[in-house]
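Novice: You'll find coords26.txt just under this line, and it carries compact mmCIF, C-alpha atoms.
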```
# COMPACT_ATOMS: atom_id res chain seq x y z
CA MET A 1 133.57 101.43 189.45
CA GLY A 2 132.06 99.63 186.54
CA LEU A 3 129.94 96.56 186.76
CA SER A 4 132.57 94.44 185.06
CA SER A 5 135.27 95.22 187.62
CA VAL A 6 132.93 94.24 190.44
CA ARG A 7 132.23 91.03 188.65
CA GLN A 8 135.95 90.42 188.19
CA ARG A 9 136.64 90.89 191.88
CA THR A 10 133.80 88.61 192.88
CA GLU A 11 134.97 86.00 190.44
CA LYS A 12 138.51 86.18 191.77
CA LEU A 13 137.33 85.67 195.33
CA SER A 14 135.18 82.74 194.55
CA THR A 15 137.25 81.15 191.81
CA GLU A 16 138.41 78.23 193.92
CA ASP A 17 134.96 77.71 195.36
CA SER A 18 133.28 77.76 192.02
CA ASN A 19 135.93 75.51 190.51
CA ASP A 20 135.18 72.93 193.17
CA ARG A 21 131.47 73.32 192.61
CA ASP A 22 131.89 72.99 188.87
CA LYS A 23 133.99 69.90 189.33
CA ALA A 24 131.44 68.33 191.67
CA ARG A 25 128.65 69.24 189.30
CA ALA A 26 130.54 67.71 186.38
CA VAL A 27 131.14 64.51 188.34
CA ARG A 28 127.45 64.27 189.26
CA ALA A 29 126.42 64.93 185.68
CA ARG A 30 128.79 62.26 184.43
CA GLN A 31 127.52 59.74 186.99
CA ARG A 32 123.94 60.49 186.01
CA ALA A 33 124.83 60.01 182.37
CA ILE A 34 126.53 56.68 183.13
CA GLY A 35 123.56 55.64 185.24
CA ARG A 36 121.12 56.53 182.46
CA GLU A 37 123.17 54.64 179.90
CA LEU A 38 123.46 51.55 182.12
CA ARG A 39 119.71 51.64 182.79
CA ARG A 40 118.96 51.97 179.09
CA MET A 41 121.26 49.07 178.30
CA TYR A 42 119.87 46.97 181.17
CA ASP A 43 116.27 47.48 180.04
CA GLY A 44 117.31 46.70 176.48
CA VAL A 45 118.82 43.35 177.47
CA VAL A 46 115.87 42.47 179.73
CA ASN A 47 113.60 42.80 176.71
CA GLU A 48 115.81 40.70 174.42
CA ALA A 49 114.81 37.15 173.60
CA VAL A 50 116.74 34.63 175.71
CA PRO A 51 119.33 32.82 173.55
CA ASP A 52 118.90 29.09 172.98
CA ASP A 53 122.06 28.25 174.99
CA PHE A 54 120.22 29.22 178.13
CA MET A 55 117.30 26.95 177.39
CA ASP A 56 119.70 24.11 176.58
CA LEU A 57 121.57 24.75 179.82
CA LEU A 58 118.39 24.56 181.89
CA ARG A 59 117.34 21.42 180.08
CA ARG A 60 120.73 19.80 180.75
CA ILE A 61 121.02 21.03 184.31
CA ASP A 62 119.00 18.07 185.65
CA GLU A 63 121.40 15.55 184.20
CA SER A 64 124.33 16.93 186.15
CA GLY A 65 123.31 14.51 188.90
CA ASP A 66 123.44 17.19 191.56
CA THR A 67 120.59 16.82 193.96
CA GLY A 68 121.08 20.15 195.64
CA GLY A 69 121.56 18.39 198.93
CA PRO A 70 121.85 20.32 202.19
CA GLY A 71 125.03 21.94 203.38
CA LYS A 72 125.95 23.48 200.05
CA LYS A 73 127.15 27.00 200.15
CA ILE A 74 127.44 29.70 197.55
CA SER A 75 131.09 30.41 196.98
CA MET B 76 102.54 3.62 206.00
CA SER B 77 106.13 4.68 206.36
CA ARG B 78 106.95 2.93 203.11
CA THR B 79 105.05 5.55 201.09
CA GLU B 80 106.90 8.42 202.71
CA PRO B 81 110.06 8.43 200.62
CA THR B 82 108.03 8.58 197.41
CA THR B 83 105.97 11.44 198.74
CA ILE B 84 109.05 13.38 199.75
CA ALA B 85 110.75 12.65 196.44
CA ALA B 86 107.68 13.80 194.53
CA HIS B 87 107.53 16.89 196.67
CA ASN B 88 111.20 17.65 196.00
CA ASP B 89 110.69 17.14 192.28
CA ALA B 90 107.83 19.62 192.30
CA ASP B 91 109.96 22.09 194.25
CA ALA B 92 112.82 21.62 191.82
CA GLU B 93 110.50 22.27 188.89
CA ASP B 94 109.14 25.39 190.56
CA PHE B 95 112.65 26.58 191.25
CA LYS B 96 113.66 25.93 187.68
CA SER B 97 110.73 27.81 186.21
CA GLU B 98 111.51 30.74 188.48
CA LEU B 99 115.13 30.63 187.30
CA LEU B 100 113.84 30.62 183.75
CA SER B 101 111.74 33.72 184.30
CA LEU B 102 114.70 35.59 185.81
CA ILE B 103 117.19 34.84 183.00
CA PRO B 104 116.55 38.17 181.22
CA PHE B 105 117.45 40.07 184.39
CA LEU B 106 120.57 37.99 184.99
CA ARG B 107 121.74 38.65 181.44
CA ALA B 108 121.10 42.36 181.80
CA PHE B 109 122.89 42.60 185.13
CA ALA B 110 125.83 40.60 183.76
CA ARG B 111 126.00 42.87 180.72
CA SER B 112 126.10 45.94 182.92
CA LEU B 113 129.12 44.46 184.72
CA CYS B 114 131.02 42.95 181.79
CA GLY B 115 130.16 45.26 178.93
CA ASN B 116 131.04 42.41 176.61
CA TYR B 117 128.21 40.36 175.19
CA GLU B 118 129.83 36.93 175.36
CA SER B 119 131.48 37.10 178.75
CA ALA B 120 128.24 38.52 180.13
CA ASP B 121 126.25 35.52 178.91
CA ASP B 122 128.96 33.18 180.22
CA LEU B 123 128.66 34.84 183.60
CA ALA B 124 124.87 34.57 183.55
CA GLN B 125 125.11 30.87 182.68
CA GLU B 126 127.65 30.19 185.41
CA THR B 127 125.25 31.89 187.80
CA LEU B 128 122.38 29.64 186.74
CA VAL B 129 124.48 26.52 187.30
CA LYS B 130 125.69 27.75 190.70
CA ALA B 131 122.17 28.68 191.73
CA TRP B 132 120.87 25.27 190.71
CA GLN B 133 123.63 23.47 192.62
CA SER B 134 123.01 25.60 195.70
CA ARG B 135 119.22 25.65 195.48
CA SER B 136 118.81 23.97 198.86
CA ALA B 137 120.53 27.02 200.41
CA PHE B 138 117.84 29.31 199.04
CA GLU B 139 115.15 30.15 201.55
CA PRO B 140 111.77 29.90 199.83
CA GLY B 141 109.73 33.05 200.10
CA THR B 142 112.77 35.33 200.03
CA ASN B 143 113.85 37.35 197.02
CA LEU B 144 115.22 34.91 194.45
CA LYS B 145 116.26 37.69 192.09
CA ALA B 146 118.38 39.34 194.79
CA TRP B 147 119.87 35.96 195.68
CA LEU B 148 120.80 35.32 192.05
CA PHE B 149 122.27 38.81 191.66
CA THR B 150 124.47 38.17 194.70
CA ILE B 151 125.76 34.92 193.19
CA LEU B 152 126.41 36.69 189.90
CA ARG B 153 128.23 39.59 191.50
CA ASN B 154 130.42 37.26 193.61
CA GLN B 155 131.20 35.20 190.53
CA PHE B 156 132.12 38.35 188.64
CA TYR B 157 134.50 39.47 191.40
CA SER B 158 136.19 36.10 191.70
CA ASP B 159 136.60 35.87 187.92
CA ARG B 160 138.15 39.33 187.92
CA ARG B 161 140.52 38.45 190.74
CA ARG B 162 141.65 35.40 188.81
CA ALA B 163 142.19 37.51 185.69
CA TRP B 164 144.24 40.08 187.61
CA ARG B 165 146.47 37.38 189.06
CA GLN B 166 147.14 35.95 185.63
CA VAL B 167 148.16 39.25 184.06
CA PRO B 168 151.50 40.31 185.56
```
Let me see the structure of the file written as structure tokens.
Specialist:
Amino acid sequence: MGLSSVRQRTEKLSTEDSNDRDKARAVRARQRAIGRELRRMYDGVVNEAVPDDFMDLLRRIDESGDTGGPGKKIS
Amino acid sequence: MSRTEPTTIAAHNDADAEDFKSELLSLIPFLRAFARSLCGNYESADDLAQETLVKAWQSRSAFEPGTNLKAWLFTILRNQFYSDRRRAWRQVP
């Protein structure tokens, strides 16, 4: 019996198993890639200069007349 | 004696408000980044971050000093994101 036929038999037996493993590995790899990309993007935005709208908003926020009194809840 | 109290408290609150505001200011980059990771779209992400700032300011008395302000803000942002999404889903048949 040649080496290749042994390999074929082994592959046949474990085809389902290895398919599942491959699938799981592919999912993990994809999630890692998404995670890396999100992290890269997140760090990129953190290091961006804050747009002027935000500064204007914080400057105007006092004039809204809200005193932040007690009993307010985050909705 | 008691007549000076209100002024003292008011001054104290003003100082607190200023502290809170400067902390908000320092956390804006993180809010924008978190919003961008949720929205993907530049403009709606910044809208979301700004809504969060306004909400946080209005609810500042609910924030417990000494706890993690960044985590508190991220919670507001995430809740806002979910409720915006729910609204959008309802509008699209």
Novice: Could you list, as a list in words, every residue of chain B that has an atom within 6 Å of an atom of chain A, counting only C-alpha atoms?
Specialist: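 Going by the stated atoms only, the list reads Pro104, Phe105, Ala108, Gln133, Ser134, Arg135 and Ser136 of chain B.
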Novice: Determine the nearest neighbour of Leu113 (chain B) from the options B:Asn88, B:Ser101, B:Gln155, B:Gln166, counting all atoms listed in the file.
Specialist: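 Checking each candidate against Leu113 (chain B), we get B:Gln155 as the closest.
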Novice: As JSON, please report the centre and edge lengths, rounded to one decimal in Å, of the axis-aligned box that holds all listed atoms of region 53-60 of chain A with 6 Å of padding on each of the six sides.
Specialist:
```
{"center_x": 119.7, "center_y": 24.5, "center_z": 178.4, "size_x": 16.8, "size_y": 21.4, "size_z": 18.9}
```
Novice: Between CA of Arg36 (chain A) and CA of Leu148 (chain B), what is the distance, to one decimal in Å?
Specialist: 23.3 Å
Novice: Please, what distance in Å, to one decimal, runs between CA of Lys145 (chain B) and CA of Ala163 (chain B)?
Specialist: 26.7 Å
Novice: CA of Ala124 (chain B) and CA of Leu106 (chain B), how far apart in Å?
Specialist: 5.7 Å
Novice: Taking (112.8, 36.8, 192.8) in the file's coordinates, which residues come within 12 Å, counting only C-alpha atoms, written as a ChimeraX atom specification?
Specialist: /B:95,97-103,105-106,138-150
Novice: Keeping only C-alpha atoms, write those residues as an mmCIF file, in the coordinates of the input.
Specialist:
```cif
data_model
loop_
_atom_site.group_PDB
_atom_site.id
_atom_site.type_symbol
_atom_site.label_atom_id
_atom_site.label_comp_id
_atom_site.auth_asym_id
_atom_site.auth_seq_id
_atom_site.Cartn_x
_atom_site.Cartn_y
_atom_site.Cartn_z
ATOM 1 C CA PHE B 95 112.650 26.580 191.250
ATOM 2 C CA SER B 97 110.730 27.810 186.210
ATOM 3 C CA GLU B 98 111.510 30.740 188.480
ATOM 4 C CA LEU B 99 115.130 30.630 187.300
ATOM 5 C CA LEU B 100 113.840 30.620 183.750
ATOM 6 C CA SER B 101 111.740 33.720 184.300
ATOM 7 C CA LEU B 102 114.700 35.590 185.810
ATOM 8 C CA ILE B 103 117.190 34.840 183.000
ATOM 9 C CA PHE B 105 117.450 40.070 184.390
ATOM 10 C CA LEU B 106 120.570 37.990 184.990
ATOM 11 C CA PHE B 138 117.840 29.310 199.040
ATOM 12 C CA GLU B 139 115.150 30.150 201.550
ATOM 13 C CA PRO B 140 111.770 29.900 199.830
ATOM 14 C CA GLY B 141 109.730 33.050 200.100
ATOM 15 C CA THR B 142 112.770 35.330 200.030
ATOM 16 C CA ASN B 143 113.850 37.350 197.020
ATOM 17 C CA LEU B 144 115.220 34.910 194.450
ATOM 18 C CA LYS B 145 116.260 37.690 192.090
ATOM 19 C CA ALA B 146 118.380 39.340 194.790
ATOM 20 C CA TRP B 147 119.870 35.960 195.680
ATOM 21 C CA LEU B 148 120.800 35.320 192.050
ATOM 22 C CA PHE B 149 122.270 38.810 191.660
ATOM 23 C CA THR B 150 124.470 38.170 194.700
#
```
Novice: I'd like the neighbourhood of Leu152 (chain B) as a ChimeraX atom specification, where a residue qualifies if any of its atoms comes within 10 Å (using only C-alpha atoms), though same-chain residues fewer than 5 positions away should be ignored.
Specialist: /B:106-107,109-110,113,123-128,130-131,146-147,157-158
